[in-house]
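Here is the structure we will look at, set down as structure tokens.
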Amino acid sequence: MTARDLLIPVKHRRPLAGKFTFSAPAVLHATEAADRPALRLLARTLAGLGVRARLGGPDGTAVRIDRDRTIAGHEAYRLTVRPAGIQIRASAAAGAFYAIQTLRELLAARGKSLAAVRIDDTPDLARRGVYLDCSRGKVPKVKTLKQLIDRLAAWKINELQLYIENTFRYKTHPAIGVGYSPFTAEDILAVQAHCKANHVRLVGSLASFGHMEKILSLPAYRHLAESLDFRNDSRGDLCPTDPASIAFLADLYGEFLPLLEADDFNACCDETRQIGQGRSRKRAETIGLGRLYLEFVLKIHKLCLKHGKRLNIWGDIILAHPELIPDIPKDIVMLNWDYNPNGSRIDRTGEFAEASLPLVCCPGTNAWQSHGTRMAQANANVAKFARIARRCGAEGLLNTDWGDGGHRNTLGVSLHSFAHGAAHAWGGARVDEKTFTRRFCLHAFGETTGRLAAAIKTLGAMPGSGLYHTIIEPFDRAEPWARYMLGWPAIDSPSLKTPAVRRRLEAMRKLRIPRARGRDEFEAVALAEFDLARRMDLLGCQRALAGRDYRAGKRVGRRTLRAISSGLRAMADDFAALWRARSKPSRLRDNLAAFRRAATEAEKLAR
């Protein structure tokens with residue numbers, strides 16, 4: 001066994017003499033009933049290698065799991081491969097489960113014949129999480145979440161958070177979520193049960209201060225907003241001085257929090273851009289904007305304690321007012337987020353650690369506002385935050401995946417970053433960055449040629465978010481539907497320099513996404529999503545070049561415009577099919593309407 005066999009690195013490995021080869025029937029044995037689900041998972045893996053396996057007694061076992069209280073840590077394990085068989089020792093079911101995941105990785109890399117080895121392993125960080133945006137358009141199906149949980153658990157992720165603004169169906173507030181395909185209580189319970197079976201905690205996350213505009217735009221809730229002037233976008237924050245705001249949150253928490261078994265709860269409280277500018281202005285002038293923010297957070301803290309939850313909040317507002325840090329209760333977990341390795345907050349993580357506040361470091365996939373991710377930035381962001389997390393004694397690493405701008409980015413293109421974050425959270429000092437993408441393609445897709453790894457890197461090589469927006473941005477900015485883009489000047493952006501766009505256009509024309517045979521539906525959809533990303537970037541390049549020429553007064557040929565229009569319509573059909581494969585209908589119509597407008601504009605100009 002070498003380090004390159006594994007996607008998720010291990011702490012210590014020592015080669016032994018000989019090898020072990022699985023043969024049918026392979027007997028799998030566990031001394032504890034709690035370990036049998038992991039053995040059944042292993043049996044399915046062996047079946048894929050042509051080896052019939054069954055659960056049985058201790059005699060003649062190929063794989064045996066034993067409890068060993070001397071193994072320190074409930075997620076730690078010892079995996080020993082000898083010519084006579086494979087033994088797993090762990091002090092708890094979680095450790096045995098992760099040993100099985102390592103064994104499955106060895107089988108994926110080496111087949112049914114394994115070199116003898118002893119592995120002693122334990123994670124760097126206690127909380128190893130993925131944060132999934134379920135509010136900017138896509139609300140994933142329960143089936144999709146279960147499939148994702150299976151993959152995350154295989155990468156030793158042990159926490160999943162689903163970001164919810166208005167996408168939960170409340171019985172006490174039925175108007176919230178109408179038209180957004182919200183989760184039901186039954187959905188949350190089903191996802192939680194699947195998480196639990198895979199040693200993953202489902203941690204709730206509700207927008208509770210800022211980012212409340214979808215709720216506050218409803219007539220029944222406008223009175224809770226910081227500003228009642230709905231001619232601008234200052235309706236995103238709850239008014240912190242209105243007692244009705246905390247009473248409203250008490251209603252939401254009363255329905256949502258009892259569903260969740262995890263002790264932690266993420267109330268968000270980030271990017272509160274309007275407080276102190278509207279109804280709470282006088283209070284802000286009296287005690288200061290930072291104190292006004294903390295005053296409301298402390299009310300949320302009391303609500304969480306009432307439900308037996310430990311409050312987690314994003315750390316951006318606190319870092320903007322560092323004088324508040326000494327007054328934050330020591331049981332509030334600070335989620336320090338920064339999605340750029342050179343960002344201003346990432347290097348300030350130590351301010352929370354020095355104040356003895358619980359801490360989680362939160363990088364991002366950098367897949368939002370892109371089709372194929374900003375891969376180099378995502379990798380550097382995760383790697384740096386993982387190093388800081390270890391140095392500062394953070395509880396964990398929470399890798400965030402957002403859906404800004406209509407959530408046209410797909411789940412498939414985020415998988416690489418999820419696995420990369422998982423590897424760094426478990427054993428970051430041993431991650432081989434140069435070979436990681438190729439190993440990801442092996443373990444996630446069974447692809448060994450290197451072509452898929454090269455394609456993923458090519459898709460992720462375009463920095464910035466311009467192409468994401470050019471695909472629907474109007475050529476004629478006088479058109480009313482330009483408001484859909486909130487005035488984002490993507491076509492005119494200096495970051496989309498014409499030579500770079502032309503190079504990207506040619507790269508996307510030449511790029512081919514390999515098909516991996518024999519993979520599950522989840523991976524098949526992911527490969528189709530990679531190809532959709534390629535086509536969307538191609539169309540973005542075509543529209544950027546044509547739109548720039550049009551707005552500069554240059555002639556744009558009819559053939560070019562008609563090709564753009566037909567390309568958009570064909571892409572939209574595949575986009576809709578892939579959306580429906582993974583997600584509820586939700587706001588798919590918003591994106592399809594934007595594609596139709598862009599296609600119609602091109603047809604109109606061609607005429």
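Here's how to read the names in the structure tokens: chain A, B, ... by the order shown, residue numbers from 1 in each chain, ligand numbers from 1 in the order shown.
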
With a distance cut-off of 9 Å and only C-alpha atoms, select the neighbouring residues of A:Val51, excluding the residue or stretch itself and same-chain residues fewer than 2 positions from it, and output the selection as a PyMOL selection string.
chain A and resi 22-26+43+45-49+53+112

Please run DSSP on the backbone and report, as an mmCIF file with C-alpha atoms, in the first residue's frame, all residues within stretch 132-299 of chain A that come out as alpha helix (DSSP H).
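Generated file (part_29.cif):
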```cif
data_model
loop_
_atom_site.group_PDB
_atom_site.id
_atom_site.type_symbol
_atom_site.label_atom_id
_atom_site.label_comp_id
_atom_site.auth_asym_id
_atom_site.auth_seq_id
_atom_site.Cartn_x
_atom_site.Cartn_y
_atom_site.Cartn_z
ATOM 1 C CA VAL A 142 -34.371 13.447 -0.046
ATOM 2 C CA LYS A 143 -33.058 10.740 -2.385
ATOM 3 C CA THR A 144 -30.265 13.073 -3.533
ATOM 4 C CA LEU A 145 -29.314 13.917 0.035
ATOM 5 C CA LYS A 146 -29.182 10.252 0.987
ATOM 6 C CA GLN A 147 -26.942 9.518 -2.006
ATOM 7 C CA LEU A 148 -24.706 12.447 -1.071
ATOM 8 C CA ILE A 149 -24.535 11.338 2.574
ATOM 9 C CA ASP A 150 -23.309 7.907 1.447
ATOM 10 C CA ARG A 151 -20.428 9.556 -0.433
ATOM 11 C CA LEU A 152 -19.593 12.038 2.321
ATOM 12 C CA ALA A 153 -19.517 9.262 4.915
ATOM 13 C CA ALA A 154 -17.145 7.273 2.699
ATOM 14 C CA ALA A 185 -40.626 17.822 8.780
ATOM 15 C CA GLU A 186 -40.791 14.281 7.394
ATOM 16 C CA ASP A 187 -38.021 15.136 4.903
ATOM 17 C CA ILE A 188 -35.741 16.396 7.665
ATOM 18 C CA LEU A 189 -36.387 13.311 9.803
ATOM 19 C CA ALA A 190 -35.679 10.987 6.871
ATOM 20 C CA VAL A 191 -32.403 12.754 6.088
ATOM 21 C CA GLN A 192 -31.436 12.708 9.767
ATOM 22 C CA ALA A 193 -32.073 8.966 10.014
ATOM 23 C CA HIS A 194 -29.839 8.316 7.017
ATOM 24 C CA CYS A 195 -27.167 10.565 8.469
ATOM 25 C CA LYS A 196 -27.279 8.696 11.764
ATOM 26 C CA ALA A 197 -26.891 5.342 10.027
ATOM 27 C CA GLU A 213 -35.671 38.930 2.459
ATOM 28 C CA LYS A 214 -37.718 36.073 1.008
ATOM 29 C CA ILE A 215 -39.765 35.905 4.214
ATOM 30 C CA LEU A 216 -39.841 39.632 4.911
ATOM 31 C CA PRO A 243 -39.901 42.281 20.262
ATOM 32 C CA ALA A 244 -41.963 40.678 17.514
ATOM 33 C CA SER A 245 -38.733 39.638 15.730
ATOM 34 C CA ILE A 246 -37.544 37.320 18.484
ATOM 35 C CA ALA A 247 -41.110 36.078 19.018
ATOM 36 C CA PHE A 248 -41.213 35.167 15.327
ATOM 37 C CA LEU A 249 -37.929 33.258 15.600
ATOM 38 C CA ALA A 250 -39.289 31.480 18.676
ATOM 39 C CA ASP A 251 -42.134 30.184 16.496
ATOM 40 C CA LEU A 252 -39.755 28.948 13.797
ATOM 41 C CA TYR A 253 -37.360 27.358 16.268
ATOM 42 C CA GLY A 254 -40.244 25.738 18.115
ATOM 43 C CA GLU A 255 -41.117 23.732 15.012
ATOM 44 C CA PHE A 256 -37.679 23.164 13.529
ATOM 45 C CA ARG A 281 -31.186 53.557 14.212
ATOM 46 C CA LYS A 282 -31.791 55.308 17.528
ATOM 47 C CA ARG A 283 -30.693 52.252 19.486
ATOM 48 C CA ALA A 284 -27.592 51.929 17.316
ATOM 49 C CA GLU A 285 -26.720 55.572 17.932
ATOM 50 C CA THR A 286 -27.076 55.021 21.659
ATOM 51 C CA ILE A 287 -25.122 51.778 22.165
ATOM 52 C CA LEU A 289 -23.885 49.136 15.877
ATOM 53 C CA GLY A 290 -21.831 46.220 17.198
ATOM 54 C CA ARG A 291 -23.594 46.214 20.562
ATOM 55 C CA LEU A 292 -26.939 46.345 18.792
ATOM 56 C CA TYR A 293 -25.960 43.226 16.821
ATOM 57 C CA LEU A 294 -24.746 41.358 19.913
ATOM 58 C CA GLU A 295 -27.857 42.347 21.862
ATOM 59 C CA PHE A 296 -30.039 40.460 19.376
ATOM 60 C CA VAL A 297 -27.645 37.501 19.100
ATOM 61 C CA LEU A 298 -27.862 37.070 22.879
ATOM 62 C CA LYS A 299 -31.650 36.816 22.574
#
```

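Rounded to one decimal, atom CA of A:Ala353 and atom CA of A:His420 lie 24.5 Å from each other.
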
Might you pull out every residue within 9 Å of stretch 462-469 of chain A, with only C-alpha atoms counted and same-chain residues fewer than 5 positions away left off, and present them as a ChimeraX atom specification?
/A:368-377,405,408-409,485,488-491,493,495-496,500-501,504,536-541,543-544

Give me a file of those residues, with C-alpha atoms, as an mmCIF file, in the first residue's frame.
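out32.cif written:
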```
data_model
loop_
_atom_site.group_PDB
_atom_site.id
_atom_site.type_symbol
_atom_site.label_atom_id
_atom_site.label_comp_id
_atom_site.auth_asym_id
_atom_site.auth_seq_id
_atom_site.Cartn_x
_atom_site.Cartn_y
_atom_site.Cartn_z
ATOM 1 C CA TRP A 368 -21.164 29.172 -6.787
ATOM 2 C CA GLN A 369 -21.486 31.767 -9.541
ATOM 3 C CA SER A 370 -19.531 29.407 -11.775
ATOM 4 C CA HIS A 371 -20.229 26.376 -13.926
ATOM 5 C CA GLY A 372 -17.058 24.391 -13.297
ATOM 6 C CA THR A 373 -15.775 25.917 -10.006
ATOM 7 C CA ARG A 374 -12.772 28.145 -9.329
ATOM 8 C CA MET A 375 -10.746 25.070 -8.514
ATOM 9 C CA ALA A 376 -7.326 26.493 -7.681
ATOM 10 C CA GLN A 377 -8.868 29.020 -5.287
ATOM 11 C CA GLY A 405 -27.413 33.979 -8.527
ATOM 12 C CA ARG A 408 -27.159 27.212 -11.705
ATOM 13 C CA ASN A 409 -23.998 25.547 -10.390
ATOM 14 C CA MET A 485 -29.038 40.433 -12.961
ATOM 15 C CA TRP A 488 -24.198 42.985 -12.866
ATOM 16 C CA PRO A 489 -22.025 44.240 -15.786
ATOM 17 C CA ALA A 490 -20.563 40.860 -16.698
ATOM 18 C CA ILE A 491 -20.240 41.374 -20.455
ATOM 19 C CA SER A 493 -16.245 43.268 -17.033
ATOM 20 C CA SER A 495 -11.927 40.455 -15.894
ATOM 21 C CA LEU A 496 -13.338 38.933 -19.080
ATOM 22 C CA ALA A 500 -8.871 35.002 -22.378
ATOM 23 C CA VAL A 501 -12.500 34.493 -23.399
ATOM 24 C CA ARG A 504 -11.707 29.569 -22.987
ATOM 25 C CA MET A 536 -22.672 26.611 -20.287
ATOM 26 C CA ASP A 537 -19.150 28.051 -20.245
ATOM 27 C CA LEU A 538 -19.036 27.684 -24.028
ATOM 28 C CA LEU A 539 -22.292 29.622 -24.375
ATOM 29 C CA GLY A 540 -21.078 32.176 -21.848
ATOM 30 C CA CYS A 541 -17.984 32.797 -23.972
ATOM 31 C CA ARG A 543 -22.422 35.564 -25.546
ATOM 32 C CA ALA A 544 -19.625 37.573 -23.929
#
```

Quick one: residues within 12 Å of A:Trp579, only C-alpha atoms, excluding same-chain residues fewer than 2 positions away - as number ranges by chain?
A: 137-141, 144, 406-412, 525-526, 528-529, 532, 572-577, 581-589, 591-592

Neighbour list for A:Ile388 as a PDB file with C-alpha atoms, in the first residue's frame, cut-off 9 Å, only C-alpha atoms, skip fewer than 5 positions in-chain:
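The resulting file, around-v1.pdb, is reproduced below:
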```pdb
ATOM      1  CA  ILE A 346      -8.951  33.888   7.312  1.00  0.00           C
ATOM      2  CA  ASP A 347      -5.823  35.232   9.028  1.00  0.00           C
ATOM      3  CA  THR A 349      -9.092  33.180  13.044  1.00  0.00           C
ATOM      4  CA  GLY A 350      -6.750  33.310  16.023  1.00  0.00           C
ATOM      5  CA  CYS A 361     -13.092  27.138  10.125  1.00  0.00           C
ATOM      6  CA  ALA A 383      -5.746  23.755   2.549  1.00  0.00           C
ATOM      7  CA  GLY A 393      -7.281  24.140  18.004  1.00  0.00           C
ATOM      8  CA  ALA A 394     -10.523  24.544  16.073  1.00  0.00           C
TER       9      ALA A 394
END
```
